[in-house]
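Let me begin by presenting the structure, written as structure tokens, before commenting on it.
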Amino acid sequence: MNTSKVEQWLKHLKKVDLHPVIAYDPACMQLLHLNFTDSNKDLTAAIIDDTNAFSEYVTATLKSANAQFGIGGYNENRTVYSRSRVFDAPFGQEARSLHLGVDIWGEVGTEIFCPIDGIVHSYAFNDQFGDYGATIILQHEINGFSFHTLYGHLSLADLSDLKDGQIIKGGDLLAHFGPPEENGHWPPHLHFQIVFDLEGKRGDYPGVCALSDKTHYLNNCPDPDAVLGLYKYL
């Protein structure tokens with residue numbers, strides 16, 4: 001990884017107060033790590049391929065652990081992307097399976113807050129099966145250091161009043177976990193990702209890459225838990 005850029009980013013983050021992205025209270029809530037790699041033998045192809053069954057699996061898993069939220073996924077080589085042609089590759093090339101963000105799983109309508117002052121860079125409804133669905137990208141700057149936060153699988157209504165360049169303050173209500181028909185046909189969750197360079201993209205950026213592209217994308221998309229601060233509660 002490009003440690004110098006990541007280290008610069010982490011150094012700048014220490015200079016600001018970060019607002020929680022979700023309303024998680026460790027004093028009265030449980031957080032559960034969810035594993036979507038091939039080591040999870042309970043997650044069968046039949047479950048993965050059926051959005052209702054997949055949603056029921058996530059809900060039941062959280063309920064059995066008395067957990068309000070599930071979390072996981074950064075730098076995780078996942079099996080779940082076999083459910084969608086979005087992650088396929090041209091003939092002879094490698095399909096995408098390495099996750100570049102952190103997923104937070106919970107109930108439809110869960111509120112999502114902006115962690116730090118920024119502006120709306122772009123937004124889109126990426127409406128393919130297995131894609132992000134409703135998506136927002138914010139741009140942030142700390143002492144001249146610029147980076148982006150990407151929010152995928154949102155409620156479509158969250159896009160209705162946005163404008164490019166709109167100011168979003170840290171702590172502002174930004175969006176909500178969307179239902180499957182609006183979030184790319186996934187169980188309700190937030191895909192949260194840090195992106196240094198959007199490489200010319202707007203309203204979209206890969207949240208999953210091929211293993212052969214791992215170095216490039218992990219250099220450009222550092223661990224989002226530096227902003228979320230949730231893994232310490234697992």
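Chains: A, B, ... in order of the structure tokens. Residues: from 1 per chain. Ligands: from 1, in order shown.
Counting only C-alpha atoms, range 167-176 of chain A has the following residues at most 7 Å away, ignoring those fewer than 4 positions along the same chain: His19, Gly109, Thr110, Glu111, Ile112, Phe113, Cys114, Pro115, Ile116, Asp117, Gly118, Ile119, Val120, Leu154, Ser155 and Asp158 of chain A.
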Dump of all heavy atoms for the selected residues, as a short mmCIF file (atom, residue, chain, number, x, y, z; two decimals), in the first residue's frame:
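Output file part_37.cif is given in full below:
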data_model
loop_
_atom_site.label_atom_id
_atom_site.label_comp_id
_atom_site.auth_asym_id
_atom_site.auth_seq_id
_atom_site.Cartn_x
_atom_site.Cartn_y
_atom_site.Cartn_z
N HIS A 19 -17.87 12.74 13.38
CA HIS A 19 -19.20 12.39 13.86
C HIS A 19 -19.51 10.93 13.50
O HIS A 19 -19.13 10.47 12.42
CB HIS A 19 -20.25 13.31 13.23
CG HIS A 19 -21.62 13.19 13.83
ND1 HIS A 19 -22.47 12.15 13.53
CD2 HIS A 19 -22.27 13.96 14.73
CE1 HIS A 19 -23.59 12.30 14.21
NE2 HIS A 19 -23.50 13.39 14.95
N GLY A 109 -34.10 2.00 6.47
CA GLY A 109 -34.41 3.29 7.07
C GLY A 109 -33.41 3.74 8.12
O GLY A 109 -33.52 4.87 8.62
N THR A 110 -32.43 2.90 8.45
CA THR A 110 -31.40 3.31 9.40
C THR A 110 -30.76 4.60 8.94
O THR A 110 -30.37 4.74 7.77
CB THR A 110 -30.33 2.21 9.55
OG1 THR A 110 -30.93 1.04 10.11
CG2 THR A 110 -29.19 2.66 10.44
N GLU A 111 -30.61 5.56 9.84
CA GLU A 111 -30.08 6.87 9.48
C GLU A 111 -28.56 6.84 9.31
O GLU A 111 -27.85 6.16 10.06
CB GLU A 111 -30.46 7.90 10.54
CG GLU A 111 -31.96 8.18 10.61
CD GLU A 111 -32.33 9.19 11.68
OE1 GLU A 111 -31.59 9.28 12.69
OE2 GLU A 111 -33.34 9.90 11.48
N ILE A 112 -28.09 7.59 8.33
CA ILE A 112 -26.66 7.71 8.02
C ILE A 112 -26.29 9.19 8.14
O ILE A 112 -26.94 10.05 7.54
CB ILE A 112 -26.37 7.22 6.59
CG1 ILE A 112 -26.77 5.75 6.42
CG2 ILE A 112 -24.89 7.42 6.24
CD1 ILE A 112 -26.88 5.32 4.97
N PHE A 113 -25.22 9.47 8.89
CA PHE A 113 -24.81 10.84 9.14
C PHE A 113 -23.46 11.12 8.47
O PHE A 113 -22.63 10.23 8.32
CB PHE A 113 -24.71 11.10 10.64
CG PHE A 113 -26.01 10.89 11.36
CD1 PHE A 113 -26.32 9.65 11.92
CD2 PHE A 113 -26.93 11.91 11.47
CE1 PHE A 113 -27.52 9.44 12.58
CE2 PHE A 113 -28.15 11.72 12.12
CZ PHE A 113 -28.44 10.48 12.68
N CYS A 114 -23.27 12.37 8.10
CA CYS A 114 -22.00 12.80 7.51
C CYS A 114 -20.94 12.86 8.61
O CYS A 114 -21.16 13.50 9.64
CB CYS A 114 -22.19 14.16 6.85
SG CYS A 114 -20.69 14.82 6.09
N PRO A 115 -19.78 12.23 8.42
CA PRO A 115 -18.79 12.18 9.50
C PRO A 115 -17.95 13.45 9.65
O PRO A 115 -17.38 13.69 10.72
CB PRO A 115 -17.90 11.00 9.10
CG PRO A 115 -17.99 10.97 7.60
CD PRO A 115 -19.40 11.40 7.27
N ILE A 116 -17.88 14.28 8.60
CA ILE A 116 -17.00 15.43 8.60
C ILE A 116 -17.50 16.42 7.54
O ILE A 116 -18.11 16.01 6.54
CB ILE A 116 -15.54 14.99 8.30
CG1 ILE A 116 -14.58 16.16 8.33
CG2 ILE A 116 -15.44 14.24 6.99
CD1 ILE A 116 -13.12 15.74 8.16
N ASP A 117 -17.27 17.71 7.75
CA ASP A 117 -17.73 18.70 6.79
C ASP A 117 -17.26 18.36 5.37
O ASP A 117 -16.13 17.90 5.17
CB ASP A 117 -17.16 20.09 7.14
CG ASP A 117 -17.72 20.64 8.44
OD1 ASP A 117 -18.61 20.01 9.03
OD2 ASP A 117 -17.24 21.72 8.86
N GLY A 118 -18.16 18.55 4.40
CA GLY A 118 -17.80 18.29 3.02
C GLY A 118 -18.81 18.89 2.07
O GLY A 118 -19.69 19.65 2.47
N ILE A 119 -18.67 18.56 0.81
CA ILE A 119 -19.62 18.98 -0.21
C ILE A 119 -20.03 17.77 -1.04
O ILE A 119 -19.31 16.76 -1.09
CB ILE A 119 -19.05 20.07 -1.14
CG1 ILE A 119 -17.85 19.54 -1.94
CG2 ILE A 119 -18.66 21.32 -0.35
CD1 ILE A 119 -17.38 20.48 -3.05
N VAL A 120 -21.19 17.87 -1.66
CA VAL A 120 -21.64 16.80 -2.54
C VAL A 120 -20.79 16.83 -3.81
O VAL A 120 -20.81 17.81 -4.55
CB VAL A 120 -23.13 16.95 -2.89
CG1 VAL A 120 -23.55 15.90 -3.90
CG2 VAL A 120 -23.99 16.87 -1.63
N LEU A 154 -28.38 3.17 -0.72
CA LEU A 154 -29.20 4.12 0.02
C LEU A 154 -30.65 4.08 -0.43
O LEU A 154 -31.02 3.39 -1.39
CB LEU A 154 -28.65 5.53 -0.18
CG LEU A 154 -27.15 5.73 0.05
CD1 LEU A 154 -26.75 7.16 -0.24
CD2 LEU A 154 -26.76 5.33 1.46
N SER A 155 -31.47 4.85 0.26
CA SER A 155 -32.85 5.08 -0.16
C SER A 155 -32.86 6.05 -1.33
O SER A 155 -32.15 7.06 -1.33
CB SER A 155 -33.64 5.65 1.01
OG SER A 155 -34.90 6.11 0.58
N ASP A 158 -33.25 9.79 -0.85
CA ASP A 158 -32.12 10.58 -0.34
C ASP A 158 -31.41 11.37 -1.44
O ASP A 158 -30.66 12.29 -1.15
CB ASP A 158 -31.11 9.66 0.35
CG ASP A 158 -31.66 9.04 1.61
OD1 ASP A 158 -32.35 9.73 2.38
OD2 ASP A 158 -31.40 7.83 1.85
#
Within 9 Å of range 141-145 of chain A, counting only C-alpha atoms, which residues qualify if same-chain residues fewer than 2 places away don't, as a PyMOL selection string? chain A and resi 8-9+12-13+15-16+117-118+139+147-148
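On the backbone of this structure, DSSP gives helix (DSSP H, G or I) within range 31-117 of chain A to A:Ala45, A:Ala46, A:Ile47, A:Ile48, A:Asp49, A:Thr51, A:Asn52, A:Ala53, A:Phe54, A:Ser55, A:Glu56, A:Tyr57, A:Val58, A:Thr59, A:Ala60, A:Thr61, A:Leu62, A:Lys63, A:Ser64, A:Val80, A:Tyr81, A:Ser82, A:Arg83, A:Arg85, A:Val86, A:Phe87.
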Restricting to only C-alpha atoms, whichever of A:Val58, A:Leu198, A:Val108, A:Ile48 is closest to Ser146 in chain A is A:Leu198
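Nearest to Leu150 in chain A of all the residues A:Leu228, A:Ala45, A:Leu138, A:Leu98 is A:Leu138, counting only C-alpha atoms.
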List as an MDAnalysis selection string the protein and nucleic acid residues near Tyr231 in chain A, meaning an atom at most 12 Å away when only C-alpha atoms are counted, but skip any in the same chain fewer than 5 places from it. chainID A and resid 24 26 30:34 69:74 102:104 223:226
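Using only C-alpha atoms, the protein and nucleic acid residues lying no more than 8 Å from Thr51 in chain A, apart from those fewer than 4 places from it along its own chain, are A:Ile47, A:Ser55, A:Pro180, A:His185, A:Trp186, A:Pro187.
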Within 12 Å of Thr44 in chain A, counting only C-alpha atoms, which residues qualify if same-chain residues fewer than 2 places away don't, as a PyMOL selection string? chain A and resi 36-42+46-50+53-54+57+79-80+82-83
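The gap separating CA of Asp197 in chain A from CA of Phe129 in chain A is 25.8 Å, in Å to one decimal.
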Name the residues of range 97-133 of chain A that fall into strand (DSSP E) according to DSSP on the backbone, using the chain letters and numbers of this document, as a ChimeraX atom specification. /A:98-99,102-105,111-113,118-126,133
Writer output for current selection, N, CA and C atoms, as an mmCIF file, in the first residue's frame:
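The result, written out as result29.cif:
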data_model
loop_
_atom_site.group_PDB
_atom_site.id
_atom_site.type_symbol
_atom_site.label_atom_id
_atom_site.label_comp_id
_atom_site.auth_asym_id
_atom_site.auth_seq_id
_atom_site.Cartn_x
_atom_site.Cartn_y
_atom_site.Cartn_z
ATOM 1 N N LEU A 98 -12.781 -8.666 -4.459
ATOM 2 C CA LEU A 98 -12.158 -8.082 -3.270
ATOM 3 C C LEU A 98 -12.870 -6.792 -2.891
ATOM 4 N N HIS A 99 -13.429 -6.768 -1.689
ATOM 5 C CA HIS A 99 -14.255 -5.644 -1.242
ATOM 6 C C HIS A 99 -13.390 -4.497 -0.737
ATOM 7 N N VAL A 102 -16.288 -0.808 3.867
ATOM 8 C CA VAL A 102 -16.863 -1.494 5.025
ATOM 9 C C VAL A 102 -18.370 -1.481 4.861
ATOM 10 N N ASP A 103 -18.997 -2.625 5.054
ATOM 11 C CA ASP A 103 -20.451 -2.729 5.031
ATOM 12 C C ASP A 103 -20.994 -2.728 6.450
ATOM 13 N N ILE A 104 -22.068 -1.956 6.659
ATOM 14 C CA ILE A 104 -22.787 -1.969 7.931
ATOM 15 C C ILE A 104 -24.204 -2.423 7.623
ATOM 16 N N TRP A 105 -24.606 -3.557 8.197
ATOM 17 C CA TRP A 105 -25.892 -4.188 7.907
ATOM 18 C C TRP A 105 -26.877 -3.895 9.028
ATOM 19 N N GLU A 111 -30.613 5.564 9.841
ATOM 20 C CA GLU A 111 -30.080 6.873 9.476
ATOM 21 C C GLU A 111 -28.556 6.838 9.311
ATOM 22 N N ILE A 112 -28.092 7.595 8.327
ATOM 23 C CA ILE A 112 -26.665 7.713 8.017
ATOM 24 C C ILE A 112 -26.290 9.190 8.137
ATOM 25 N N PHE A 113 -25.220 9.467 8.887
ATOM 26 C CA PHE A 113 -24.810 10.839 9.136
ATOM 27 C C PHE A 113 -23.461 11.124 8.472
ATOM 28 N N GLY A 118 -18.159 18.554 4.402
ATOM 29 C CA GLY A 118 -17.799 18.286 3.019
ATOM 30 C C GLY A 118 -18.805 18.886 2.068
ATOM 31 N N ILE A 119 -18.668 18.561 0.808
ATOM 32 C CA ILE A 119 -19.621 18.981 -0.214
ATOM 33 C C ILE A 119 -20.032 17.766 -1.037
ATOM 34 N N VAL A 120 -21.186 17.872 -1.656
ATOM 35 C CA VAL A 120 -21.636 16.798 -2.541
ATOM 36 C C VAL A 120 -20.792 16.829 -3.809
ATOM 37 N N HIS A 121 -20.031 15.788 -4.029
ATOM 38 C CA HIS A 121 -19.256 15.676 -5.273
ATOM 39 C C HIS A 121 -20.155 15.225 -6.413
ATOM 40 N N SER A 122 -20.958 14.167 -6.151
ATOM 41 C CA SER A 122 -21.828 13.604 -7.185
ATOM 42 C C SER A 122 -22.728 12.550 -6.549
ATOM 43 N N TYR A 123 -23.727 12.144 -7.297
ATOM 44 C CA TYR A 123 -24.658 11.117 -6.825
ATOM 45 C C TYR A 123 -25.314 10.481 -8.039
ATOM 46 N N ALA A 124 -25.842 9.264 -7.848
ATOM 47 C CA ALA A 124 -26.449 8.545 -8.978
ATOM 48 C C ALA A 124 -27.302 7.404 -8.457
ATOM 49 N N PHE A 125 -28.205 6.953 -9.304
ATOM 50 C CA PHE A 125 -28.970 5.732 -9.049
ATOM 51 C C PHE A 125 -28.384 4.654 -9.943
ATOM 52 N N ASN A 126 -27.482 3.854 -9.390
ATOM 53 C CA ASN A 126 -26.806 2.796 -10.135
ATOM 54 C C ASN A 126 -27.682 1.539 -10.081
ATOM 55 N N GLY A 133 -27.169 0.725 -6.309
ATOM 56 C CA GLY A 133 -28.443 1.412 -6.162
ATOM 57 C C GLY A 133 -28.187 2.895 -5.950
#
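The nearest approach to Leu43 in chain A among the residues A:Ala27, A:Glu56, A:Lys232, A:Ser84, with only C-alpha atoms taken into account, belongs to A:Glu56.
In terms of minimum interatomic distance to Asn35 in chain A, A:Asn77 ranks closest within A:Gly207, A:Ser97, A:Asn77, A:Asp161, counting only C-alpha atoms.
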Which residues come within 12 Å of Asp213 in chain A, counting only C-alpha atoms, excluding same-chain residues fewer than 6 positions away, as a short mmCIF file (atom, residue, chain, number, x, y, z; two decimals) with N, CA, C and O atoms, in the first residue's frame?
data_model
loop_
_atom_site.label_atom_id
_atom_site.label_comp_id
_atom_site.auth_asym_id
_atom_site.auth_seq_id
_atom_site.Cartn_x
_atom_site.Cartn_y
_atom_site.Cartn_z
N MET A 1 0.83 -1.20 0.00
CA MET A 1 0.00 0.00 0.00
C MET A 1 0.87 1.25 0.00
O MET A 1 2.01 1.24 0.43
N ASN A 75 -11.13 -5.28 2.45
CA ASN A 75 -10.04 -6.15 2.00
C ASN A 75 -10.43 -7.62 2.16
O ASN A 75 -9.58 -8.47 2.42
N GLN A 93 -10.50 -12.76 -18.49
CA GLN A 93 -10.02 -11.87 -17.44
C GLN A 93 -10.63 -12.27 -16.10
O GLN A 93 -11.51 -13.13 -16.02
N GLU A 94 -10.16 -11.62 -15.06
CA GLU A 94 -10.52 -12.00 -13.70
C GLU A 94 -11.75 -11.25 -13.20
O GLU A 94 -11.84 -10.03 -13.35
N ALA A 95 -12.71 -11.97 -12.63
CA ALA A 95 -13.88 -11.34 -12.04
C ALA A 95 -13.47 -10.58 -10.79
O ALA A 95 -12.43 -10.83 -10.18
N ARG A 96 -14.32 -9.65 -10.37
CA ARG A 96 -14.04 -8.84 -9.19
C ARG A 96 -14.62 -9.52 -7.94
O ARG A 96 -15.76 -9.96 -7.95
N SER A 97 -13.84 -9.56 -6.86
CA SER A 97 -14.31 -10.21 -5.64
C SER A 97 -13.75 -9.59 -4.36
O SER A 97 -14.18 -9.95 -3.27
N LEU A 98 -12.78 -8.67 -4.46
CA LEU A 98 -12.16 -8.08 -3.27
C LEU A 98 -12.87 -6.79 -2.89
O LEU A 98 -12.90 -5.83 -3.66
N HIS A 99 -13.43 -6.77 -1.69
CA HIS A 99 -14.26 -5.64 -1.24
C HIS A 99 -13.39 -4.50 -0.74
O HIS A 99 -12.46 -4.70 0.03
N LEU A 100 -13.73 -3.27 -1.14
CA LEU A 100 -12.90 -2.10 -0.87
C LEU A 100 -13.48 -1.16 0.18
O LEU A 100 -12.86 -0.16 0.51
N PRO A 206 -15.59 1.88 -8.23
CA PRO A 206 -15.60 0.47 -7.87
C PRO A 206 -15.52 0.25 -6.36
O PRO A 206 -14.64 0.80 -5.69
N ASN A 219 -4.38 1.05 -2.25
CA ASN A 219 -3.64 2.31 -2.13
C ASN A 219 -4.58 3.51 -2.24
O ASN A 219 -4.38 4.54 -1.58
N ASN A 220 -5.59 3.38 -3.07
CA ASN A 220 -6.51 4.49 -3.33
C ASN A 220 -7.70 4.50 -2.37
O ASN A 220 -8.39 5.52 -2.25
#
State, in Å with one decimal place, the distance from CA of Val195 in chain A to CA of Leu230 in chain A. 18.9 Å
Nearest to Asn52 in chain A by atom-to-atom distance, counting only C-alpha atoms, from A:Gly106, A:Gly203, A:Pro222, A:Pro179: A:Pro179
